[in-house]
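Peer 1: Below is the file data-v5.txt, with compact mmCIF, C-alpha atoms.
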# COMPACT_ATOMS: atom_id res chain seq x y z
CA MET K 1 -60.52 -0.43 -21.50
CA THR K 2 -64.02 0.05 -20.18
CA ASN K 3 -66.25 -2.94 -19.57
CA GLN K 4 -68.30 -2.62 -22.76
CA SER K 5 -68.47 -5.70 -24.96
CA LEU K 6 -67.90 -3.90 -28.24
CA VAL K 7 -66.00 -0.88 -29.59
CA PRO K 8 -68.12 0.40 -32.50
CA VAL K 9 -66.53 2.21 -35.45
CA ILE K 10 -68.81 4.17 -37.79
CA LEU K 11 -67.67 4.28 -41.43
CA ALA K 12 -68.69 7.80 -42.46
CA GLY K 13 -66.64 8.58 -45.56
CA GLY K 14 -69.14 7.72 -48.30
CA LYS K 15 -70.39 10.02 -51.06
CA GLY K 16 -74.02 8.96 -51.47
CA GLU K 17 -74.03 10.11 -55.10
CA ARG K 18 -77.32 8.41 -55.91
CA PHE K 19 -79.04 10.84 -53.49
CA TRP K 20 -77.86 13.85 -55.49
CA PRO K 21 -78.82 16.70 -55.61
CA LEU K 22 -79.60 16.54 -51.89
CA SER K 23 -76.35 14.67 -51.23
CA ARG K 24 -73.37 16.88 -52.16
CA ARG K 25 -69.61 16.60 -51.67
CA LYS K 26 -69.62 18.37 -48.28
CA ARG K 27 -73.14 17.27 -47.36
CA PRO K 28 -73.20 13.55 -48.19
CA LYS K 29 -76.05 11.17 -47.55
CA GLN K 30 -74.98 10.31 -43.98
CA PHE K 31 -75.45 13.97 -42.94
CA LEU K 32 -79.06 14.01 -44.14
CA SER K 33 -82.30 13.12 -42.42
CA LEU K 34 -84.17 11.06 -44.97
CA ASP K 35 -86.90 9.48 -42.83
CA GLY K 36 -88.56 12.61 -41.48
CA SER K 37 -87.13 12.04 -37.96
CA GLY K 38 -84.95 15.15 -37.87
CA ARG K 39 -81.90 13.00 -36.98
CA SER K 40 -79.34 12.43 -39.73
CA LEU K 41 -78.34 8.92 -40.72
CA LEU K 42 -74.97 9.43 -38.99
CA GLN K 43 -76.65 10.67 -35.79
CA ALA K 44 -79.13 7.78 -35.82
CA THR K 45 -76.26 5.28 -36.27
CA ALA K 46 -74.39 6.77 -33.30
CA ASP K 47 -77.59 6.83 -31.21
CA ARG K 48 -78.16 3.10 -31.58
CA LEU K 49 -74.50 2.21 -30.94
CA LEU K 50 -74.12 4.30 -27.79
CA ALA K 51 -75.73 1.77 -25.46
CA ILE K 52 -73.54 -1.11 -26.54
CA ALA K 53 -70.43 1.11 -26.46
CA GLY K 54 -71.13 2.20 -22.89
CA GLY K 55 -70.91 5.89 -23.81
CA TRP K 56 -69.26 8.31 -26.21
CA GLN K 57 -65.74 7.57 -24.97
CA SER K 58 -65.84 4.23 -26.80
CA VAL K 59 -67.55 5.30 -30.06
CA TRP K 60 -65.20 5.87 -33.03
CA VAL K 61 -65.78 7.42 -36.44
CA VAL K 62 -63.56 7.22 -39.53
CA THR K 63 -64.23 9.77 -42.26
CA ALA K 64 -62.70 11.76 -45.10
CA ALA K 65 -60.82 15.02 -44.53
CA HIS K 66 -63.43 17.20 -46.27
CA LEU K 67 -66.18 15.71 -44.05
CA ALA K 68 -64.42 15.89 -40.67
CA ASP K 69 -65.90 19.26 -39.66
CA GLY K 70 -69.36 18.03 -40.60
CA VAL K 71 -68.91 14.97 -38.36
CA ARG K 72 -67.76 17.21 -35.47
CA GLU K 73 -70.83 19.40 -35.97
CA GLN K 74 -73.24 16.47 -36.09
CA LEU K 75 -71.63 14.51 -33.21
CA PRO K 76 -70.34 17.18 -30.79
CA GLU K 77 -70.05 14.60 -27.98
CA LEU K 78 -67.58 12.46 -29.92
CA PRO K 79 -64.07 12.68 -28.39
CA GLU K 80 -61.62 14.25 -30.84
CA ASP K 81 -59.20 11.34 -30.37
CA ASN K 82 -61.94 8.96 -31.56
CA LEU K 83 -62.34 10.74 -34.92
CA LEU K 84 -59.99 9.24 -37.50
CA VAL K 85 -59.60 11.51 -40.53
CA GLU K 86 -58.44 9.96 -43.79
CA PRO K 87 -56.50 12.42 -45.98
CA GLU K 88 -58.09 10.78 -49.03
CA GLY K 89 -60.65 8.05 -49.58
CA ARG K 90 -59.14 4.63 -50.35
CA ASP K 91 -62.33 2.54 -49.94
CA THR K 92 -63.15 0.49 -46.84
CA ALA K 93 -60.11 -1.81 -46.47
CA PRO K 94 -57.66 0.96 -45.47
CA ALA K 95 -60.34 2.55 -43.23
CA VAL K 96 -60.91 -0.74 -41.41
CA ALA K 97 -57.20 -1.58 -41.16
CA TRP K 98 -56.22 1.85 -39.80
CA SER K 99 -59.11 1.98 -37.31
CA THR K 100 -58.32 -1.53 -36.06
CA LEU K 101 -54.64 -0.67 -35.57
CA LYS K 102 -55.58 2.44 -33.54
CA ILE K 103 -58.07 0.52 -31.41
CA ALA K 104 -55.56 -2.29 -30.75
CA GLU K 105 -53.06 0.41 -29.74
CA ARG K 106 -55.47 1.86 -27.19
CA TYR K 107 -57.34 -1.19 -25.90
CA GLY K 108 -55.16 -4.18 -26.86
CA ARG K 109 -55.48 -7.03 -29.34
CA GLU K 110 -58.37 -8.66 -27.46
CA ALA K 111 -60.70 -5.67 -27.92
CA VAL K 112 -63.84 -6.64 -29.83
CA VAL K 113 -64.44 -4.14 -32.64
CA GLY K 114 -67.55 -3.63 -34.77
CA PHE K 115 -67.79 -1.72 -38.07
CA PHE K 116 -71.01 -0.01 -39.13
CA PRO K 117 -71.74 2.08 -42.24
CA ALA K 118 -73.17 5.48 -41.34
CA ASP K 119 -76.01 5.33 -43.86
CA HIS K 120 -78.07 2.31 -42.75
CA TRP K 121 -81.62 2.38 -41.48
CA ILE K 122 -82.57 -0.12 -38.73
CA ALA K 123 -86.21 -0.71 -37.75
CA ASP K 124 -85.96 -2.80 -34.54
CA GLU K 125 -83.19 -1.40 -32.36
CA ALA K 126 -83.74 -3.92 -29.55
CA ALA K 127 -83.21 -6.79 -32.01
CA PHE K 128 -80.16 -4.97 -33.38
CA GLN K 129 -78.66 -4.71 -29.86
CA ALA K 130 -79.32 -8.39 -29.18
CA THR K 131 -77.68 -9.31 -32.49
CA LEU K 132 -74.57 -7.30 -31.65
CA ASN K 133 -74.33 -8.98 -28.25
CA ALA K 134 -74.39 -12.36 -29.98
CA ALA K 135 -71.81 -11.29 -32.57
CA ALA K 136 -69.52 -9.88 -29.86
CA THR K 137 -69.81 -13.12 -27.86
CA LEU K 138 -68.86 -15.20 -30.89
CA ALA K 139 -65.94 -12.89 -31.76
CA ALA K 140 -64.67 -12.97 -28.17
CA GLN K 141 -64.74 -16.78 -28.02
CA GLU K 142 -63.47 -17.70 -31.50
CA ALA K 143 -60.88 -16.44 -33.98
CA ALA K 144 -63.86 -15.20 -35.97
CA ILE K 145 -64.57 -12.33 -38.33
CA VAL K 146 -68.34 -12.17 -37.94
CA THR K 147 -70.53 -10.63 -40.62
CA LEU K 148 -74.15 -9.71 -40.04
CA GLY K 149 -76.09 -11.30 -42.90
CA ILE K 150 -79.51 -9.78 -43.56
CA THR K 151 -82.23 -12.37 -44.18
CA PRO K 152 -83.36 -11.58 -47.77
CA THR K 153 -86.96 -10.55 -48.40
CA VAL K 154 -86.71 -10.32 -52.21
CA ALA K 155 -84.34 -11.52 -54.93
CA SER K 156 -82.43 -8.23 -54.95
CA THR K 157 -79.70 -7.63 -57.51
CA GLY K 158 -78.41 -4.61 -55.58
CA TYR K 159 -76.67 -6.44 -52.73
CA GLY K 160 -73.79 -8.86 -52.35
CA TYR K 161 -74.71 -12.27 -50.94
CA ILE K 162 -73.15 -14.53 -48.28
CA GLN K 163 -73.72 -18.29 -48.28
CA ALA K 164 -73.83 -19.99 -44.89
CA GLY K 165 -71.93 -23.25 -44.48
CA ASP K 166 -71.59 -25.42 -41.38
CA LYS K 167 -73.34 -24.30 -38.21
CA VAL K 168 -70.83 -23.57 -35.44
CA GLY K 169 -73.11 -22.85 -32.51
CA VAL K 170 -75.77 -20.63 -31.02
CA TYR K 171 -74.86 -17.31 -29.42
CA GLY K 172 -76.79 -14.75 -27.45
CA ALA K 173 -76.99 -12.58 -24.39
CA GLN K 174 -78.90 -14.86 -22.02
CA VAL K 175 -82.04 -13.06 -23.10
CA GLU K 176 -85.17 -14.95 -24.02
CA GLN K 177 -85.54 -15.25 -27.81
CA ALA K 178 -82.13 -13.65 -28.33
CA ASP K 179 -80.19 -16.72 -29.40
CA PHE K 180 -78.61 -16.57 -32.84
CA PRO K 181 -77.23 -19.50 -34.81
CA ALA K 182 -73.84 -18.78 -36.40
CA TYR K 183 -72.35 -20.43 -39.47
CA ARG K 184 -69.03 -20.56 -41.24
CA VAL K 185 -69.12 -18.64 -44.51
CA ASN K 186 -69.08 -20.82 -47.62
CA ARG K 187 -68.63 -17.94 -50.05
CA PHE K 188 -69.23 -14.29 -50.78
CA THR K 189 -70.84 -13.38 -54.11
CA GLU K 190 -70.94 -9.90 -55.63
CA LYS K 191 -74.25 -8.45 -56.86
CA PRO K 192 -75.87 -11.25 -58.92
CA ASP K 193 -78.25 -11.05 -61.85
CA ARG K 194 -81.97 -11.61 -61.24
CA HIS K 195 -81.97 -15.31 -62.10
CA THR K 196 -78.99 -16.04 -59.82
CA ALA K 197 -80.55 -14.02 -56.98
CA GLU K 198 -83.75 -16.06 -57.27
CA GLN K 199 -81.71 -19.28 -57.11
CA PHE K 200 -79.90 -18.01 -54.02
CA LEU K 201 -83.18 -17.22 -52.28
CA ALA K 202 -84.60 -20.66 -53.10
CA THR K 203 -81.74 -22.43 -51.27
CA GLY K 204 -82.45 -20.66 -47.96
CA THR K 205 -78.71 -20.52 -47.22
CA PHE K 206 -77.91 -17.02 -48.49
CA SER K 207 -77.97 -13.66 -46.67
CA TRP K 208 -77.49 -10.15 -47.98
CA ASN K 209 -74.07 -8.72 -47.17
CA SER K 210 -74.84 -5.82 -44.83
CA GLY K 211 -71.29 -4.47 -44.64
CA MET K 212 -71.43 -4.76 -40.82
CA PHE K 213 -68.90 -7.01 -39.11
CA VAL K 214 -67.43 -7.75 -35.68
CA PHE K 215 -64.06 -9.23 -34.66
CA ARG K 216 -61.24 -9.11 -32.13
CA ALA K 217 -58.68 -6.53 -33.23
CA GLY K 218 -55.80 -9.00 -33.14
CA VAL K 219 -57.65 -11.61 -35.19
CA ALA K 220 -58.40 -9.15 -38.00
CA LEU K 221 -54.89 -7.68 -38.00
CA ASP K 222 -53.34 -11.16 -38.27
CA GLU K 223 -55.62 -11.95 -41.21
CA LEU K 224 -54.91 -8.59 -42.88
CA ARG K 225 -51.17 -9.29 -42.61
CA VAL K 226 -51.73 -12.52 -44.54
CA TYR K 227 -54.22 -11.30 -47.19
CA ALA K 228 -53.65 -7.54 -47.43
CA PRO K 229 -50.06 -6.80 -46.35
CA GLU K 230 -49.88 -4.01 -48.93
CA ILE K 231 -52.47 -2.15 -46.83
CA VAL K 232 -51.71 -3.03 -43.21
CA SER K 233 -47.89 -2.97 -43.34
CA PRO K 234 -47.53 0.66 -44.52
CA LEU K 235 -50.13 1.73 -41.94
CA GLU K 236 -48.18 -0.03 -39.18
CA THR K 237 -44.91 1.64 -40.12
CA GLN K 238 -46.08 5.07 -41.31
CA GLY K 239 -49.54 5.53 -39.86
CA VAL K 240 -51.91 7.84 -41.71
CA ALA K 241 -49.02 9.22 -43.79
CA ALA K 242 -49.16 5.97 -45.77
CA TYR K 243 -52.56 6.79 -47.26
CA PRO K 244 -51.46 8.19 -50.65
CA THR K 245 -49.59 4.94 -51.39
CA LEU K 246 -52.40 2.57 -50.38
CA PRO K 247 -54.47 0.72 -53.01
CA LYS K 248 -58.19 1.42 -53.24
CA LYS K 249 -59.83 -1.78 -52.03
CA SER K 250 -63.02 -2.72 -50.24
CA ILE K 251 -62.73 -4.81 -47.09
CA ASP K 252 -64.85 -7.48 -48.80
CA TYR K 253 -62.36 -7.83 -51.63
CA ALA K 254 -59.20 -7.37 -49.53
CA LEU K 255 -60.14 -9.70 -46.69
CA MET K 256 -63.65 -11.11 -46.36
CA GLU K 257 -63.63 -13.05 -49.65
CA LYS K 258 -60.22 -14.60 -48.79
CA THR K 259 -60.12 -15.30 -45.06
CA GLN K 260 -60.95 -18.76 -43.68
CA GLN K 261 -62.14 -17.12 -40.44
CA ALA K 262 -65.36 -15.61 -41.80
CA TYR K 263 -68.59 -16.42 -39.95
CA VAL K 264 -72.10 -15.20 -40.67
CA LEU K 265 -74.92 -14.43 -38.25
CA PRO K 266 -78.18 -14.37 -40.29
CA VAL K 267 -80.35 -11.63 -38.80
CA ALA K 268 -83.69 -9.91 -39.36
CA PHE K 269 -84.14 -6.57 -37.59
CA GLY K 270 -85.62 -4.48 -40.40
CA TRP K 271 -82.74 -3.08 -42.44
CA ASP K 272 -82.17 -0.89 -45.48
CA ASP K 273 -78.91 0.49 -46.81
CA LEU K 274 -80.70 3.50 -48.32
CA GLY K 275 -78.87 3.17 -51.62
CA ASP K 276 -80.94 5.59 -53.71
CA TRP K 277 -84.15 7.65 -53.76
CA ASN K 278 -86.35 4.55 -53.97
CA ALA K 279 -85.35 3.76 -50.37
CA ILE K 280 -87.50 6.71 -49.25
CA GLU K 281 -90.54 4.91 -50.61
CA ARG K 282 -89.62 1.68 -48.80
CA LEU K 283 -89.33 3.59 -45.51
CA LEU K 284 -92.28 5.94 -45.75
CA LYS K 285 -94.84 4.49 -48.16
CA GLY K 286 -98.19 4.51 -46.41
CA GLU K 287 -101.71 4.42 -47.78
CA ASN K 288 -101.10 7.42 -50.02
CA ASP K 289 -100.50 7.26 -53.75
CA ASN K 290 -97.20 9.12 -53.48
CA VAL K 291 -94.41 9.74 -50.95
CA GLU K 292 -94.31 13.47 -50.27
CA LEU K 293 -91.48 15.12 -48.32
CA ALA K 294 -92.43 18.35 -50.07
CA THR K 295 -95.43 20.55 -50.76
CA HIS K 296 -97.02 18.85 -53.75
CA VAL K 297 -100.18 19.40 -55.76
CA GLY K 298 -100.73 16.71 -58.35
CA LEU K 299 -103.27 15.73 -60.95
CA ASP K 300 -103.31 12.12 -62.14
CA THR K 301 -99.91 11.48 -60.46
CA HIS K 302 -99.22 8.05 -58.99
CA GLY K 303 -96.35 6.10 -57.41
CA ALA K 304 -94.11 9.17 -57.26
CA ILE K 305 -91.56 10.38 -54.69
CA PHE K 306 -91.23 14.10 -53.93
CA TYR K 307 -88.55 15.80 -51.84
CA ALA K 308 -87.88 19.51 -51.40
CA SER K 309 -85.28 20.97 -49.07
CA LYS K 310 -87.54 24.01 -48.63
CA PRO K 311 -91.01 22.69 -47.84
CA GLU K 312 -92.65 26.04 -48.63
CA GLU K 313 -91.71 25.68 -52.31
CA LEU K 314 -94.49 24.08 -54.35
CA ILE K 315 -94.07 21.16 -56.75
CA VAL K 316 -96.95 20.74 -59.21
CA THR K 317 -97.31 17.64 -61.40
CA ILE K 318 -99.78 16.45 -64.03
CA GLY K 319 -99.87 12.91 -65.40
CA LEU K 320 -96.68 11.57 -63.81
CA ASP K 321 -96.21 7.90 -62.88
CA ASP K 322 -93.35 6.20 -60.99
CA THR K 323 -91.14 9.30 -60.96
CA VAL K 324 -88.76 10.90 -58.44
CA VAL K 325 -88.74 14.70 -58.21
CA VAL K 326 -86.14 16.33 -55.96
CA ARG K 327 -85.77 20.08 -55.55
CA ASP K 328 -82.74 21.42 -53.69
CA GLY K 329 -81.66 25.03 -54.05
CA ASN K 330 -81.02 25.75 -57.71
CA VAL K 331 -81.14 22.11 -58.85
CA THR K 332 -84.19 20.03 -59.76
CA LEU K 333 -83.85 16.32 -60.49
CA ILE K 334 -86.61 14.44 -62.33
CA VAL K 335 -85.96 10.73 -62.90
CA LYS K 336 -87.99 7.59 -63.47
CA LYS K 337 -87.89 5.40 -60.36
CA ASP K 338 -86.36 2.47 -62.22
CA ARG K 339 -83.41 4.59 -63.44
CA THR K 340 -82.17 6.21 -60.22
CA GLN K 341 -78.99 4.10 -60.36
CA GLU K 342 -77.98 6.17 -63.41
CA ILE K 343 -77.66 9.41 -61.42
CA LYS K 344 -73.93 8.61 -61.07
CA GLN K 345 -73.56 8.71 -64.87
CA VAL K 346 -75.17 12.14 -65.10
CA LEU K 347 -72.91 13.41 -62.32
CA LYS K 348 -69.85 12.54 -64.44
CA GLU K 349 -71.17 14.91 -67.12
CA ILE K 350 -71.84 17.61 -64.54
CA GLN K 351 -68.33 17.17 -63.08
CA ALA K 352 -66.84 17.69 -66.54
CA ASN K 353 -68.49 21.12 -66.86
CA PRO K 354 -66.73 23.86 -64.81
CA GLN K 355 -69.88 26.03 -64.61
CA PHE K 356 -71.59 23.31 -62.52
CA LYS K 357 -68.79 22.69 -59.99
CA ASP K 358 -70.76 24.37 -57.18
CA LEU K 359 -73.60 21.88 -57.69
CA LEU K 360 -71.53 18.81 -56.71
Written as structure tokens, that's how I'd like the structure from this file.

Peer 2:
Amino acid sequence: MTNQSLVPVILAGGKGERFWPLSRRKRPKQFLSLDGSGRSLLQATADRLLAIAGGWQSVWVVTAAHLADGVREQLPELPEDNLLVEPEGRDTAPAVAWSTLKIAERYGREAVVGFFPADHWIADEAAFQATLNAAATLAAQEAAIVTLGITPTVASTGYGYIQAGDKVGVYGAQVEQADFPAYRVNRFTEKPDRHTAEQFLATGTFSWNSGMFVFRAGVALDELRVYAPEIVSPLETQGVAAYPTLPKKSIDYALMEKTQQAYVLPVAFGWDDLGDWNAIERLLKGENDNVELATHVGLDTHGAIFYASKPEELIVTIGLDDTVVVRDGNVTLIVKKDRTQEIKQVLKEIQANPQFKDLL
């Protein structure tokens, strides 16, 4: 075991369907650059975790079989032994359980492990690093499964929420202004309606559930054996061969909502989970009327988002408001901004039609 404080695991198996048609089965959201930086979301996630890992030898990625070659292409420095390839997607609980077993096997039960979705955007990387140091310190000292809770800025109905309970201490990295109060988790709540979200915000005790968490390998495995034996036991005895028999469960449902060892570190480092096309506007909206990652000529067009995979192709609009237009190859998507969540429903229709199978 090297002397790094944290072994980061990137969860890179997602589909990103709400970014279709740019996001496809073999080119999901995490392989795309959506902020104009030229680095994909997966590459940017690895970039910001490298420092805390102490180098590529301690960065891990878990992904789906059909995406493994794409991960190798995007992260050529990643050691092959650190790429865990799931034969089929079973949601995040099996991914976390299998990764944690492999890390405990290599580094021991005391290794501090962090899990990070591959499709997040982080604004302040220095604050992110300081937060991870604090989370790793807490996880090393306590039998704690530490979640990073994002301080809410609006009453969003698109995120799960975590309620902080009793304060357990202040953790940091002996850096000025890098001390973070930690709390026991009172409860996890799935995506609420608008009224409930507003009530949550008013209390000042709720954070958004970021899907990032940190723990000692042994602590999490002990808790999984109690609350999710149907996942961890087959993986312990059969390894990856157990996958077809495993239930599809998220780590939130399988463990986080049940364990008594959940802690939350409320943080604010500028975060977005880039859930759908509207995230592009949140990242890139400047003084202009529209967000244009395309060549666009518009008349009386306001509050729109344009994306074209070939910038030399022209998009022309007249009289459009609050619309997303995406052009990728032989597919054009036009959707009102407030209905982007419904892209998944349209994809089900496209999947049912054999002539469109190459468009997925």

Peer 1: Within 8 Å of range 337-345 of chain K, counting all atoms listed in the file, which residues show up once you throw out same-chain ones fewer than 2 positions away? Write them as a PyMOL selection string, please.

Peer 2: chain K and resi 17-18+20+276-278+304+322-324+335+347-349

Peer 1: Go through K:Val59, K:Glu110, K:Pro94, K:Gln163 and flag the residue nearest Thr245 in chain K, using all atoms listed in the file for the distances.

Peer 2: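 Nearest to Thr245 in chain K: K:Pro94.
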
Peer 1: In Å, how far is it from CA of Gly13 in chain K to CA of Val154 in chain K?

Peer 2: 28.4 Å

Peer 1: Might you pull out every residue within 12 Å of Ala126 in chain K, with all atoms listed in the file counted and same-chain residues fewer than 2 positions away left off, and present them as a PyMOL selection string?

Peer 2: chain K and resi 48-49+51-52+122-124+128-133+175+177-178+268-270

Peer 1: Ranking K:Asn288, K:Thr295, K:Thr63, K:Ser233 by minimum distance to Lys26 in chain K and counting all atoms listed in the file, which one comes first?

Peer 2: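 Ranking K:Asn288, K:Thr295, K:Thr63, K:Ser233 by distance to Lys26 in chain K, first place goes to K:Thr63.
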
Peer 1: Calculate how many Å separate CA of Pro192 in chain K from CA of Gly275 in chain K, rounding to one decimal.

Peer 2: 16.4 Å

Peer 1: Enter the distance from CA of Asp119 in chain K to CA of Ala143 in chain K, in Å, rounded to one decimal.

Peer 2: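 Between CA of Asp119 in chain K and CA of Ala143 in chain K the gap works out to 28.3 Å.
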
Peer 1: Using only C-alpha atoms, pick whichever of K:Ile231, K:Val267, K:Ile150, K:Leu34 has the shortest atom-to-atom distance to Val291 in chain K.

Peer 2: K:Leu34

Peer 1: Nearest to Asn209 in chain K: which of K:Phe19, K:Tyr307, K:Tyr263, K:Phe180 is it, counting all atoms listed in the file?

Peer 2: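 Smallest distance to Asn209 in chain K is found for K:Tyr263.
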
Peer 1: Would you pick out the contacts of Ser309 in chain K at 9 Å or less, using all atoms listed in the file, so that residues sharing its chain but fewer than 3 positions from it are not included, and give the list as number ranges by chain?

Peer 2: K: 22, 293-294, 312-313, 326-329

Peer 1: Using all atoms listed in the file for the distances, tell me which of K:Leu6, K:Ala46, K:Ile145, K:Leu235 is nearest to Trp98 in chain K.

Peer 2: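 Of K:Leu6, K:Ala46, K:Ile145, K:Leu235, the one nearest Trp98 in chain K, counting all atoms listed in the file, is K:Leu235.
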
Peer 1: Can you pull out every residue within 9 Å of Ser250 in chain K, counting all atoms listed in the file, but drop anything in the same chain fewer than 3 positions away, and send it as a VMD selection string?

Peer 2: chain K and resid 90 to 94 253 to 255

Peer 1: With 5 Å on each side, where is the centre of the axis-aligned box around all listed atoms of range 189-206 of chain K, and how long are its edges in Å to one decimal, as AutoDock Vina command-line options?

Peer 2:
--center_x -77.7 --center_y -15.4 --center_z -54.7 --size_x 23.8 --size_y 24.0 --size_z 24.9

Peer 1: For Gly114 in chain K, find every residue with an atom within 9 Å (counting all atoms listed in the file), except residues of its own chain fewer than 3 positions away, and show them as a list in words.

Peer 2: Leu6, Val7, Pro8, Val9, Ile10, Leu132, Ala136, Met212, Phe213, Val214, Phe215 and Arg216 of chain K

Peer 1: From the options K:Tyr107, K:Phe306, K:Trp208, K:Phe356, which residue's atoms come nearest to Ser58 in chain K, counting only C-alpha atoms?

Peer 2: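 Ranked by minimum distance to Ser58 in chain K, first place goes to K:Tyr107.
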
Peer 1: Taking (-105.2, 17.0, -55.3) in the file's coordinates, which residues come within 12 Å, counting only C-alpha atoms, written as a list in words?

Peer 2: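 The residues that fall inside the cut-off are Asn288, Asp289, Asn290, Thr295, His296, Val297, Gly298, Leu299, Asp300, Thr301, His302, Ile315, Val316, Thr317 and Ile318 of chain K.
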